[in-house]
Amino acid sequence: MDLKVIYQSIVEGNAAEVEAGVRAALAAGIPADEILNKGLIAAMDEVGRQYEEGDLFVPEMLIAARAMQAGLKILKPELAKSDIKAAGKVAIGTVKGDLHDIGKNLVAMMLEGAGFEVHDLGVDVTPEAFVKAAQSGIQLIGMSALLTTTMSNMEVTVQALKNAGLRDSVKIMIGGAPVTQDYATKIGADGFAADASSATRVARQLLGA
Ligand code: B1M
């Protein structure tokens, strides 16, 4: 059983073949972490690379991410049985007042594909909900905003984390169409990512994963 089949099926966005490939690899006795690293994560790294080069676009990246998730679903019970550690625990959400979730979902899927344990808090997430997530062992808070009127809630959330005494125990990454590195620096976030594939890279840097 060659893990390249899984890798290629993810890059091509073929969920049925990814599922079949993961089942076959498990049946052949390949360890779950090897399937994860050499099949799923390696493929999503390649998808991210092709997106950054302009060879793939958002719809194709979404399809690839969904194919990866189909494989991950089968792999998860096996991974849970082993003592494999996630690359880090991330809580991600779209900030209060904002209902846009397409980009946030894509970032969540790419992070999952990169081996992070992702807790998706959904949309319209209050600063209090982010604080609650940070209290539960989360290492990285990810905030998304698509509206210039809601991005200020990122700063409110950073402040809420400070007020709760949690600022030093979590890293904060932000993104979304109106968000910039300058804004991230201004509000005291640790990182900014312009798209889903760089979000994976920034998350890895922030957590040293
Ligand atoms: Co809205 N909307 N919308 N909308 N909408 C925009 C954002 C807008 C630019 C359209 C426009 O006027 N040209 C405009 C904002 C203007 C502004 O603030 N400057 C706008 C507006 C005004 C509104 C409403 C106020 C409209 C109204 O009701 N009058 C309203 C607000 C509702 C609310 O949120 N309270 C509204 C509603 C909606 C829909 C519900 C209809 C729908 C959202 C559906 C959904 O998400 N489930 C919608 C949509 C689809 C859009 C556009 C067309 C597309 C957004 C999108 O999904 N892009 C958008 C116009 C546009 O962008 N062309 C628009 C694709 C997505 C993959 O990209 O989200 O940027 P993006 O995510 C990227 C990066 O930004 C980054 O990675 C992602 C993947 O590469 N990224 C992160 C995102 N989050 C990240 C987090 C990270 C790191 C990277 O770390 C944690």
# chains A, B, ... in the order shown; residues from 1 in each chain; ligands from 1
call {"tool": "closest_atom_pairs", "arguments": {"of": "range 128-208 of chain A", "to": "range 53-58 of chain A", "cutoff": "12 Å", "atoms": "only C-alpha atoms", "output": "CSV"}}
result
residue,atom,partner,partner_atom,distance
A:Asp195,CA,A:Val58,CA,9.7
A:Ala196,CA,A:Val58,CA,9.3
A:Ser197,CA,A:Val58,CA,10.6
A:Ser198,CA,A:Glu53,CA,11.9
call {"tool": "write_last_selection", "arguments": {"atoms": "N, CA and C atoms", "output": "PDB file, in the first residue's frame"}}
result
ATOM      1  N   ASP A 195      -4.033  34.151   4.451  1.00  0.00           N
ATOM      2  CA  ASP A 195      -4.863  33.091   3.867  1.00  0.00           C
ATOM      3  C   ASP A 195      -4.686  31.799   4.658  1.00  0.00           C
ATOM      4  N   ALA A 196      -5.474  30.789   4.232  1.00  0.00           N
ATOM      5  CA  ALA A 196      -5.530  29.561   5.030  1.00  0.00           C
ATOM      6  C   ALA A 196      -4.197  28.817   5.048  1.00  0.00           C
ATOM      7  N   SER A 197      -3.462  28.870   3.951  1.00  0.00           N
ATOM      8  CA  SER A 197      -2.238  28.088   3.963  1.00  0.00           C
ATOM      9  C   SER A 197      -1.166  28.784   4.794  1.00  0.00           C
ATOM     10  N   SER A 198      -1.109  30.143   4.724  1.00  0.00           N
ATOM     11  CA  SER A 198      -0.122  30.790   5.599  1.00  0.00           C
ATOM     12  C   SER A 198      -0.558  30.719   7.057  1.00  0.00           C
TER      13      SER A 198
END
call {"tool": "residues_near_ligand", "arguments": {"ligand": "ligand 1", "cutoff": "9 Å", "atoms": "only C-alpha atoms and all ligand atoms", "output": "mmCIF file with all heavy atoms, in the first residue's frame"}}
result
data_model
loop_
_atom_site.group_PDB
_atom_site.id
_atom_site.type_symbol
_atom_site.label_atom_id
_atom_site.label_comp_id
_atom_site.auth_asym_id
_atom_site.auth_seq_id
_atom_site.Cartn_x
_atom_site.Cartn_y
_atom_site.Cartn_z
ATOM 1 N N VAL A 58 -9.448 29.107 -4.217
ATOM 2 C CA VAL A 58 -10.206 28.764 -3.001
ATOM 3 C C VAL A 58 -11.131 27.553 -3.184
ATOM 4 O O VAL A 58 -11.121 26.645 -2.346
ATOM 5 C CB VAL A 58 -10.980 29.997 -2.477
ATOM 6 C CG1 VAL A 58 -12.014 29.602 -1.428
ATOM 7 C CG2 VAL A 58 -10.001 30.991 -1.870
ATOM 8 N N PRO A 59 -11.935 27.464 -4.249
ATOM 9 C CA PRO A 59 -12.828 26.299 -4.359
ATOM 10 C C PRO A 59 -12.071 24.975 -4.381
ATOM 11 O O PRO A 59 -12.476 24.016 -3.730
ATOM 12 C CB PRO A 59 -13.555 26.529 -5.690
ATOM 13 C CG PRO A 59 -13.423 27.975 -5.956
ATOM 14 C CD PRO A 59 -12.125 28.402 -5.350
ATOM 15 N N MET A 61 -9.138 24.418 -3.107
ATOM 16 C CA MET A 61 -8.540 24.187 -1.791
ATOM 17 C C MET A 61 -9.606 23.636 -0.835
ATOM 18 O O MET A 61 -9.335 22.741 -0.037
ATOM 19 C CB MET A 61 -7.943 25.486 -1.245
ATOM 20 C CG MET A 61 -7.099 25.277 -0.031
ATOM 21 S SD MET A 61 -5.810 26.493 0.199
ATOM 22 C CE MET A 61 -6.723 27.912 0.685
ATOM 23 N N LEU A 62 -10.835 24.166 -0.952
ATOM 24 C CA LEU A 62 -11.938 23.677 -0.116
ATOM 25 C C LEU A 62 -12.222 22.206 -0.403
ATOM 26 O O LEU A 62 -12.423 21.410 0.519
ATOM 27 C CB LEU A 62 -13.210 24.473 -0.415
ATOM 28 C CG LEU A 62 -13.545 25.644 0.506
ATOM 29 C CD1 LEU A 62 -14.771 26.377 -0.004
ATOM 30 C CD2 LEU A 62 -13.784 25.159 1.933
ATOM 31 N N ALA A 91 -8.406 27.061 19.236
ATOM 32 C CA ALA A 91 -9.835 27.417 19.212
ATOM 33 C C ALA A 91 -9.978 28.552 18.211
ATOM 34 O O ALA A 91 -9.260 29.550 18.280
ATOM 35 C CB ALA A 91 -10.313 27.856 20.578
ATOM 36 N N ILE A 92 -10.882 28.367 17.266
ATOM 37 C CA ILE A 92 -11.022 29.367 16.209
ATOM 38 C C ILE A 92 -12.482 29.799 16.099
ATOM 39 O O ILE A 92 -13.398 28.984 16.303
ATOM 40 C CB ILE A 92 -10.495 28.811 14.860
ATOM 41 C CG1 ILE A 92 -10.480 29.902 13.788
ATOM 42 C CG2 ILE A 92 -11.275 27.597 14.391
ATOM 43 C CD1 ILE A 92 -9.698 29.522 12.534
ATOM 44 N N GLY A 93 -12.696 31.067 15.802
ATOM 45 C CA GLY A 93 -14.064 31.538 15.630
ATOM 46 C C GLY A 93 -14.096 32.860 14.886
ATOM 47 O O GLY A 93 -13.081 33.558 14.779
ATOM 48 N N THR A 94 -15.274 33.178 14.360
ATOM 49 C CA THR A 94 -15.482 34.502 13.762
ATOM 50 C C THR A 94 -16.002 35.407 14.881
ATOM 51 O O THR A 94 -16.886 35.005 15.650
ATOM 52 C CB THR A 94 -16.522 34.421 12.622
ATOM 53 O OG1 THR A 94 -16.089 33.429 11.685
ATOM 54 C CG2 THR A 94 -16.660 35.743 11.906
ATOM 55 N N LYS A 96 -17.492 38.437 17.379
ATOM 56 C CA LYS A 96 -18.840 38.904 17.703
ATOM 57 C C LYS A 96 -19.382 39.862 16.633
ATOM 58 O O LYS A 96 -18.677 40.750 16.167
ATOM 59 C CB LYS A 96 -18.797 39.624 19.056
ATOM 60 C CG LYS A 96 -20.154 39.990 19.586
ATOM 61 C CD LYS A 96 -20.020 40.635 20.948
ATOM 62 C CE LYS A 96 -21.374 41.180 21.361
ATOM 63 N NZ LYS A 96 -21.274 42.087 22.489
ATOM 64 N N GLY A 97 -20.619 39.623 16.248
ATOM 65 C CA GLY A 97 -21.286 40.501 15.283
ATOM 66 C C GLY A 97 -21.074 40.094 13.838
ATOM 67 O O GLY A 97 -21.687 40.646 12.927
ATOM 68 N N ASP A 98 -20.196 39.113 13.629
ATOM 69 C CA ASP A 98 -19.793 38.750 12.264
ATOM 70 C C ASP A 98 -20.228 37.309 11.945
ATOM 71 O O ASP A 98 -19.913 36.391 12.704
ATOM 72 C CB ASP A 98 -18.264 38.874 12.146
ATOM 73 C CG ASP A 98 -17.794 39.013 10.712
ATOM 74 O OD1 ASP A 98 -18.379 38.352 9.828
ATOM 75 O OD2 ASP A 98 -16.836 39.763 10.478
ATOM 76 N N LEU A 99 -20.943 37.148 10.813
ATOM 77 C CA LEU A 99 -21.486 35.822 10.468
ATOM 78 C C LEU A 99 -20.744 35.144 9.317
ATOM 79 O O LEU A 99 -21.113 34.065 8.884
ATOM 80 C CB LEU A 99 -22.968 35.970 10.096
ATOM 81 C CG LEU A 99 -23.856 36.603 11.175
ATOM 82 C CD1 LEU A 99 -25.287 36.767 10.674
ATOM 83 C CD2 LEU A 99 -23.837 35.786 12.456
ATOM 84 N N HIS A 100 -19.696 35.797 8.806
ATOM 85 C CA HIS A 100 -18.939 35.208 7.685
ATOM 86 C C HIS A 100 -18.106 34.030 8.193
ATOM 87 O O HIS A 100 -17.306 34.204 9.109
ATOM 88 C CB HIS A 100 -18.021 36.254 7.063
ATOM 89 C CG HIS A 100 -18.741 37.390 6.425
ATOM 90 N ND1 HIS A 100 -19.170 38.484 7.128
ATOM 91 C CD2 HIS A 100 -19.131 37.594 5.143
ATOM 92 C CE1 HIS A 100 -19.787 39.317 6.314
ATOM 93 N NE2 HIS A 100 -19.779 38.810 5.091
ATOM 94 N N ASP A 101 -18.281 32.861 7.564
ATOM 95 C CA ASP A 101 -17.513 31.717 8.086
ATOM 96 C C ASP A 101 -16.806 30.885 7.026
ATOM 97 O O ASP A 101 -16.186 29.874 7.361
ATOM 98 C CB ASP A 101 -18.399 30.821 8.957
ATOM 99 C CG ASP A 101 -19.488 30.083 8.180
ATOM 100 O OD1 ASP A 101 -19.636 30.325 6.964
ATOM 101 O OD2 ASP A 101 -20.185 29.262 8.803
ATOM 102 N N ILE A 102 -16.892 31.290 5.773
ATOM 103 C CA ILE A 102 -16.276 30.450 4.731
ATOM 104 C C ILE A 102 -14.747 30.412 4.909
ATOM 105 O O ILE A 102 -14.133 29.337 4.934
ATOM 106 C CB ILE A 102 -16.681 30.940 3.323
ATOM 107 C CG1 ILE A 102 -18.207 30.829 3.165
ATOM 108 C CG2 ILE A 102 -15.959 30.146 2.236
ATOM 109 C CD1 ILE A 102 -18.788 31.540 1.958
ATOM 110 N N GLY A 103 -14.154 31.591 5.070
ATOM 111 C CA GLY A 103 -12.699 31.662 5.250
ATOM 112 C C GLY A 103 -12.268 31.012 6.550
ATOM 113 O O GLY A 103 -11.291 30.265 6.588
ATOM 114 N N LYS A 104 -13.027 31.284 7.607
ATOM 115 C CA LYS A 104 -12.702 30.687 8.923
ATOM 116 C C LYS A 104 -12.742 29.158 8.849
ATOM 117 O O LYS A 104 -11.871 28.468 9.367
ATOM 118 C CB LYS A 104 -13.686 31.226 9.965
ATOM 119 C CG LYS A 104 -13.472 30.744 11.383
ATOM 120 C CD LYS A 104 -14.293 29.526 11.746
ATOM 121 C CE LYS A 104 -15.774 29.784 11.737
ATOM 122 N NZ LYS A 104 -16.547 28.533 11.846
ATOM 123 N N ASN A 105 -13.771 28.634 8.161
ATOM 124 C CA ASN A 105 -13.876 27.168 8.035
ATOM 125 C C ASN A 105 -12.687 26.590 7.273
ATOM 126 O O ASN A 105 -12.180 25.523 7.599
ATOM 127 C CB ASN A 105 -15.175 26.778 7.323
ATOM 128 C CG ASN A 105 -16.399 27.091 8.166
ATOM 129 O OD1 ASN A 105 -16.273 27.352 9.362
ATOM 130 N ND2 ASN A 105 -17.573 27.080 7.559
ATOM 131 N N LEU A 106 -12.284 27.320 6.249
ATOM 132 C CA LEU A 106 -11.147 26.866 5.449
ATOM 133 C C LEU A 106 -9.869 26.844 6.296
ATOM 134 O O LEU A 106 -9.094 25.876 6.262
ATOM 135 C CB LEU A 106 -10.994 27.806 4.244
ATOM 136 C CG LEU A 106 -10.104 27.398 3.105
ATOM 137 C CD1 LEU A 106 -10.376 25.979 2.661
ATOM 138 C CD2 LEU A 106 -10.299 28.359 1.936
ATOM 139 N N VAL A 107 -9.679 27.899 7.076
ATOM 140 C CA VAL A 107 -8.503 27.950 7.961
ATOM 141 C C VAL A 107 -8.560 26.777 8.953
ATOM 142 O O VAL A 107 -7.570 26.074 9.165
ATOM 143 C CB VAL A 107 -8.430 29.309 8.714
ATOM 144 C CG1 VAL A 107 -7.331 29.289 9.767
ATOM 145 C CG2 VAL A 107 -8.203 30.450 7.733
ATOM 146 N N ALA A 108 -9.767 26.538 9.522
ATOM 147 C CA ALA A 108 -9.916 25.440 10.485
ATOM 148 C C ALA A 108 -9.562 24.103 9.831
ATOM 149 O O ALA A 108 -8.862 23.272 10.420
ATOM 150 C CB ALA A 108 -11.341 25.414 11.034
ATOM 151 N N VAL A 123 -19.524 31.182 14.622
ATOM 152 C CA VAL A 123 -19.552 32.605 14.252
ATOM 153 C C VAL A 123 -20.136 33.419 15.402
ATOM 154 O O VAL A 123 -20.674 32.846 16.348
ATOM 155 C CB VAL A 123 -20.396 32.830 12.968
ATOM 156 C CG1 VAL A 123 -19.775 32.144 11.774
ATOM 157 C CG2 VAL A 123 -21.838 32.362 13.157
ATOM 158 N N ASP A 124 -20.010 34.746 15.287
ATOM 159 C CA ASP A 124 -20.592 35.644 16.292
ATOM 160 C C ASP A 124 -20.090 35.257 17.696
ATOM 161 O O ASP A 124 -20.869 35.170 18.643
ATOM 162 C CB ASP A 124 -22.137 35.547 16.195
ATOM 163 C CG ASP A 124 -22.835 36.664 16.960
ATOM 164 O OD1 ASP A 124 -22.175 37.674 17.276
ATOM 165 O OD2 ASP A 124 -24.037 36.511 17.244
ATOM 166 N N ILE A 141 -5.489 30.922 20.097
ATOM 167 C CA ILE A 141 -6.809 31.464 19.784
ATOM 168 C C ILE A 141 -6.732 32.052 18.372
ATOM 169 O O ILE A 141 -5.851 32.876 18.086
ATOM 170 C CB ILE A 141 -7.190 32.590 20.785
ATOM 171 C CG1 ILE A 141 -7.356 32.039 22.200
ATOM 172 C CG2 ILE A 141 -8.424 33.349 20.323
ATOM 173 C CD1 ILE A 141 -8.648 31.312 22.463
ATOM 174 N N GLY A 142 -7.644 31.618 17.496
ATOM 175 C CA GLY A 142 -7.696 32.153 16.128
ATOM 176 C C GLY A 142 -8.972 32.948 15.941
ATOM 177 O O GLY A 142 -10.063 32.438 16.200
ATOM 178 N N MET A 143 -8.821 34.198 15.520
ATOM 179 C CA MET A 143 -10.007 35.038 15.304
ATOM 180 C C MET A 143 -10.073 35.471 13.852
ATOM 181 O O MET A 143 -9.075 35.892 13.266
ATOM 182 C CB MET A 143 -9.953 36.282 16.181
ATOM 183 C CG MET A 143 -10.173 36.007 17.641
ATOM 184 S SD MET A 143 -10.266 37.562 18.550
ATOM 185 C CE MET A 143 -8.556 37.825 18.993
ATOM 186 N N SER A 144 -11.290 35.390 13.305
ATOM 187 C CA SER A 144 -11.525 35.805 11.923
ATOM 188 C C SER A 144 -12.552 36.934 11.925
ATOM 189 O O SER A 144 -13.494 36.917 12.722
ATOM 190 C CB SER A 144 -12.056 34.596 11.134
ATOM 191 O OG SER A 144 -12.343 34.962 9.805
ATOM 192 N N ALA A 145 -12.365 37.910 11.037
ATOM 193 C CA ALA A 145 -13.368 38.978 10.863
ATOM 194 C C ALA A 145 -13.375 39.396 9.405
ATOM 195 O O ALA A 145 -12.325 39.505 8.768
ATOM 196 C CB ALA A 145 -13.038 40.183 11.741
ATOM 197 N N LEU A 146 -14.566 39.601 8.881
ATOM 198 C CA LEU A 146 -14.702 40.011 7.465
ATOM 199 C C LEU A 146 -15.246 41.425 7.325
ATOM 200 O O LEU A 146 -15.322 41.963 6.226
ATOM 201 C CB LEU A 146 -15.623 39.024 6.726
ATOM 202 C CG LEU A 146 -14.975 37.898 5.912
ATOM 203 C CD1 LEU A 146 -14.404 38.402 4.604
ATOM 204 C CD2 LEU A 146 -13.884 37.200 6.694
ATOM 205 N N LEU A 147 -15.663 42.008 8.439
ATOM 206 C CA LEU A 147 -16.268 43.336 8.378
ATOM 207 C C LEU A 147 -15.386 44.343 9.105
ATOM 208 O O LEU A 147 -14.872 44.041 10.192
ATOM 209 C CB LEU A 147 -17.657 43.324 9.031
ATOM 210 C CG LEU A 147 -18.701 42.387 8.415
ATOM 211 C CD1 LEU A 147 -19.941 42.322 9.302
ATOM 212 C CD2 LEU A 147 -19.081 42.841 7.017
ATOM 213 N N THR A 148 -15.259 45.520 8.507
ATOM 214 C CA THR A 148 -14.476 46.558 9.194
ATOM 215 C C THR A 148 -15.167 46.950 10.504
ATOM 216 O O THR A 148 -14.508 47.407 11.433
ATOM 217 C CB THR A 148 -14.323 47.808 8.290
ATOM 218 O OG1 THR A 148 -15.600 48.109 7.715
ATOM 219 C CG2 THR A 148 -13.342 47.575 7.179
ATOM 220 N N THR A 149 -16.481 46.742 10.559
ATOM 221 C CA THR A 149 -17.224 47.099 11.779
ATOM 222 C C THR A 149 -17.063 46.061 12.895
ATOM 223 O O THR A 149 -17.378 46.349 14.043
ATOM 224 C CB THR A 149 -18.725 47.243 11.472
ATOM 225 O OG1 THR A 149 -19.137 46.092 10.743
ATOM 226 C CG2 THR A 149 -19.015 48.496 10.667
ATOM 227 N N THR A 150 -16.627 44.856 12.563
ATOM 228 C CA THR A 150 -16.500 43.825 13.612
ATOM 229 C C THR A 150 -15.050 43.547 13.996
ATOM 230 O O THR A 150 -14.806 42.933 15.039
ATOM 231 C CB THR A 150 -17.151 42.488 13.190
ATOM 232 O OG1 THR A 150 -16.530 42.044 11.981
ATOM 233 C CG2 THR A 150 -18.653 42.634 12.992
ATOM 234 N N MET A 151 -14.095 43.983 13.159
ATOM 235 C CA MET A 151 -12.709 43.620 13.475
ATOM 236 C C MET A 151 -12.252 44.234 14.809
ATOM 237 O O MET A 151 -11.372 43.699 15.474
ATOM 238 C CB MET A 151 -11.751 43.943 12.334
ATOM 239 C CG MET A 151 -11.726 45.369 11.883
ATOM 240 S SD MET A 151 -10.827 45.557 10.340
ATOM 241 C CE MET A 151 -9.145 45.756 10.891
ATOM 242 N N ILE A 172 -2.191 34.324 20.014
ATOM 243 C CA ILE A 172 -3.366 34.819 19.290
ATOM 244 C C ILE A 172 -2.992 35.062 17.831
ATOM 245 O O ILE A 172 -2.027 35.775 17.531
ATOM 246 C CB ILE A 172 -3.887 36.137 19.910
ATOM 247 C CG1 ILE A 172 -4.252 35.925 21.390
ATOM 248 C CG2 ILE A 172 -5.088 36.664 19.131
ATOM 249 C CD1 ILE A 172 -4.607 37.202 22.130
ATOM 250 N N MET A 173 -3.779 34.452 16.941
ATOM 251 C CA MET A 173 -3.578 34.668 15.497
ATOM 252 C C MET A 173 -4.875 35.248 14.929
ATOM 253 O O MET A 173 -5.962 34.794 15.275
ATOM 254 C CB MET A 173 -3.264 33.338 14.813
ATOM 255 C CG MET A 173 -3.178 33.444 13.297
ATOM 256 S SD MET A 173 -2.545 31.924 12.537
ATOM 257 C CE MET A 173 -3.915 30.808 12.731
ATOM 258 N N ILE A 174 -4.753 36.247 14.071
ATOM 259 C CA ILE A 174 -5.958 36.841 13.484
ATOM 260 C C ILE A 174 -5.857 36.863 11.962
ATOM 261 O O ILE A 174 -4.768 36.788 11.385
ATOM 262 C CB ILE A 174 -6.232 38.274 14.026
ATOM 263 C CG1 ILE A 174 -5.104 39.250 13.655
ATOM 264 C CG2 ILE A 174 -6.428 38.241 15.540
ATOM 265 C CD1 ILE A 174 -5.422 40.705 14.013
ATOM 266 N N GLY A 175 -7.045 36.961 11.337
ATOM 267 C CA GLY A 175 -7.073 37.035 9.875
ATOM 268 C C GLY A 175 -8.459 37.393 9.388
ATOM 269 O O GLY A 175 -9.396 37.546 10.173
ATOM 270 N N GLY A 176 -8.573 37.530 8.078
ATOM 271 C CA GLY A 176 -9.829 37.961 7.467
ATOM 272 C C GLY A 176 -9.551 39.107 6.521
ATOM 273 O O GLY A 176 -8.571 39.829 6.711
ATOM 274 N N ALA A 177 -10.418 39.289 5.529
ATOM 275 C CA ALA A 177 -10.131 40.231 4.446
ATOM 276 C C ALA A 177 -9.696 41.642 4.893
ATOM 277 O O ALA A 177 -8.745 42.179 4.334
ATOM 278 C CB ALA A 177 -11.327 40.299 3.501
ATOM 279 N N PRO A 178 -10.341 42.267 5.890
ATOM 280 C CA PRO A 178 -9.916 43.638 6.225
ATOM 281 C C PRO A 178 -8.733 43.697 7.195
ATOM 282 O O PRO A 178 -8.246 44.782 7.517
ATOM 283 C CB PRO A 178 -11.170 44.231 6.891
ATOM 284 C CG PRO A 178 -11.867 43.065 7.496
ATOM 285 C CD PRO A 178 -11.504 41.849 6.682
ATOM 286 N N VAL A 179 -8.279 42.539 7.654
ATOM 287 C CA VAL A 179 -7.245 42.491 8.703
ATOM 288 C C VAL A 179 -5.847 42.534 8.075
ATOM 289 O O VAL A 179 -5.626 41.950 7.012
ATOM 290 C CB VAL A 179 -7.426 41.204 9.551
ATOM 291 C CG1 VAL A 179 -6.379 41.105 10.645
ATOM 292 C CG2 VAL A 179 -8.826 41.153 10.149
ATOM 293 N N GLY A 191 0.136 36.943 15.857
ATOM 294 C CA GLY A 191 0.367 36.621 14.453
ATOM 295 C C GLY A 191 -0.810 37.002 13.576
ATOM 296 O O GLY A 191 -1.944 37.129 14.044
ATOM 297 N N PHE A 192 -0.500 37.184 12.302
ATOM 298 C CA PHE A 192 -1.522 37.480 11.288
ATOM 299 C C PHE A 192 -1.250 36.559 10.111
ATOM 300 O O PHE A 192 -0.102 36.280 9.779
ATOM 301 C CB PHE A 192 -1.418 38.948 10.838
ATOM 302 C CG PHE A 192 -2.002 39.196 9.475
ATOM 303 C CD1 PHE A 192 -3.385 39.264 9.308
ATOM 304 C CD2 PHE A 192 -1.182 39.328 8.342
ATOM 305 C CE1 PHE A 192 -3.940 39.467 8.045
ATOM 306 C CE2 PHE A 192 -1.728 39.528 7.082
ATOM 307 C CZ PHE A 192 -3.109 39.602 6.933
ATOM 308 N N ALA A 193 -2.347 36.072 9.490
ATOM 309 C CA ALA A 193 -2.168 35.296 8.262
ATOM 310 C C ALA A 193 -3.161 35.793 7.226
ATOM 311 O O ALA A 193 -4.324 36.042 7.533
ATOM 312 C CB ALA A 193 -2.384 33.813 8.534
ATOM 313 N N ALA A 194 -2.673 35.949 6.004
ATOM 314 C CA ALA A 194 -3.513 36.490 4.930
ATOM 315 C C ALA A 194 -4.406 35.426 4.316
ATOM 316 O O ALA A 194 -5.431 35.749 3.710
ATOM 317 C CB ALA A 194 -2.620 37.100 3.852
ATOM 318 N N ASP A 195 -4.033 34.151 4.451
ATOM 319 C CA ASP A 195 -4.863 33.091 3.867
ATOM 320 C C ASP A 195 -4.686 31.799 4.658
ATOM 321 O O ASP A 195 -3.884 31.734 5.591
ATOM 322 C CB ASP A 195 -4.518 32.879 2.376
ATOM 323 C CG ASP A 195 -3.052 32.594 2.165
ATOM 324 O OD1 ASP A 195 -2.529 31.736 2.882
ATOM 325 O OD2 ASP A 195 -2.430 33.243 1.305
ATOM 326 N N ALA A 196 -5.474 30.789 4.232
ATOM 327 C CA ALA A 196 -5.530 29.561 5.030
ATOM 328 C C ALA A 196 -4.197 28.817 5.048
ATOM 329 O O ALA A 196 -3.849 28.204 6.051
ATOM 330 C CB ALA A 196 -6.637 28.657 4.495
ATOM 331 N N SER A 197 -3.462 28.870 3.951
ATOM 332 C CA SER A 197 -2.238 28.088 3.963
ATOM 333 C C SER A 197 -1.166 28.784 4.794
ATOM 334 O O SER A 197 -0.425 28.141 5.540
ATOM 335 C CB SER A 197 -1.810 27.762 2.541
ATOM 336 O OG SER A 197 -0.833 28.596 2.106
ATOM 337 N N SER A 198 -1.109 30.143 4.724
ATOM 338 C CA SER A 198 -0.122 30.790 5.599
ATOM 339 C C SER A 198 -0.558 30.719 7.057
ATOM 340 O O SER A 198 0.282 30.768 7.951
ATOM 341 C CB SER A 198 0.188 32.221 5.158
ATOM 342 O OG SER A 198 -0.962 32.950 4.945
ATOM 343 N N ALA A 199 -1.868 30.565 7.311
ATOM 344 C CA ALA A 199 -2.337 30.418 8.699
ATOM 345 C C ALA A 199 -1.702 29.181 9.333
ATOM 346 O O ALA A 199 -1.310 29.194 10.500
ATOM 347 C CB ALA A 199 -3.859 30.309 8.734
ATOM 348 N N THR A 200 -1.591 28.111 8.555
ATOM 349 C CA THR A 200 -0.966 26.886 9.049
ATOM 350 C C THR A 200 0.496 27.151 9.423
ATOM 351 O O THR A 200 0.973 26.743 10.471
ATOM 352 C CB THR A 200 -1.032 25.804 7.958
ATOM 353 O OG1 THR A 200 -2.388 25.623 7.612
ATOM 354 C CG2 THR A 200 -0.462 24.494 8.409
ATOM 355 N N VAL A 202 1.896 30.080 10.132
ATOM 356 C CA VAL A 202 1.990 30.996 11.279
ATOM 357 C C VAL A 202 1.687 30.232 12.576
ATOM 358 O O VAL A 202 2.386 30.395 13.577
ATOM 359 C CB VAL A 202 1.028 32.201 11.100
ATOM 360 C CG1 VAL A 202 0.951 33.047 12.360
ATOM 361 C CG2 VAL A 202 1.470 33.060 9.922
ATOM 362 N N ALA A 203 0.638 29.369 12.541
ATOM 363 C CA ALA A 203 0.288 28.596 13.740
ATOM 364 C C ALA A 203 1.463 27.708 14.160
ATOM 365 O O ALA A 203 1.791 27.609 15.348
ATOM 366 C CB ALA A 203 -0.957 27.753 13.476
#
call {"tool": "residues_around", "arguments": {"residues": "Lys162 in chain A", "least_positions_apart": "5", "cutoff": "12 Å", "atoms": "only C-alpha atoms", "output": "PyMOL selection string"}}
result
chain A and resi 127-128+130-131+134+155-157+167-172+187-189
call {"tool": "closest_residue", "arguments": {"among": "A:Asp182, A:Asp33, A:Asp45, A:Glu60", "to": "Gly113 in chain A", "atoms": "only C-alpha atoms"}}
result
A:Asp45
call {"tool": "residues_around", "arguments": {"residues": "Ile10 in chain A", "least_positions_apart": "6", "cutoff": "6 Å", "atoms": "only C-alpha atoms", "output": "number ranges by chain"}}
result
A: 64, 67-68
call {"tool": "select_by_dssp", "arguments": {"residues": "range 95-193 of chain A", "states": "strand (DSSP E)", "output": "VMD selection string"}}
result
chain A and resid 95 117 to 125 140 to 144 171 to 175 191 to 192
call {"tool": "closest_residue", "arguments": {"among": "A:Ala209, A:Ala184, A:Val125, A:Val11", "to": "Met44 in chain A", "atoms": "only C-alpha atoms"}}
result
A:Val11
call {"tool": "residues_around", "arguments": {"residues": "Lys85 in chain A", "least_positions_apart": "2", "cutoff": "10 Å", "atoms": "only C-alpha atoms", "output": "JSON, numbers by chain"}}
result
{"A": [33, 79, 80, 82, 83, 87, 88, 89, 115, 116, 117]}
call {"tool": "atom_distance", "arguments": {"atom1": "CA of Val22 in chain A", "atom2": "CA of Lys73 in chain A"}}
result
9.8 Å
call {"tool": "residues_around", "arguments": {"residues": "Ile30 in chain A", "least_positions_apart": "5", "cutoff": "10 Å", "atoms": "only C-alpha atoms", "output": "PDB file with C-alpha atoms, in the first residue's frame"}}
result
ATOM      1  CA  MET A   1       0.000   0.000   0.000  1.00  0.00           C
ATOM      2  CA  ASP A   2       1.579   3.269  -1.169  1.00  0.00           C
ATOM      3  CA  LEU A   3       0.625   6.381   0.801  1.00  0.00           C
ATOM      4  CA  VAL A  22      -6.961   5.287   4.378  1.00  0.00           C
ATOM      5  CA  ALA A  24      -6.562   0.096   2.820  1.00  0.00           C
ATOM      6  CA  ALA A  25      -3.520   1.593   4.556  1.00  0.00           C
ATOM      7  CA  ILE A  35      -0.790   7.771   7.333  1.00  0.00           C
TER       8      ILE A  35
END
call {"tool": "closest_residue", "arguments": {"among": "A:Val90, A:Val95, A:Leu207, A:Leu26", "to": "Ser152 in chain A", "atoms": "only C-alpha atoms"}}
result
A:Val95
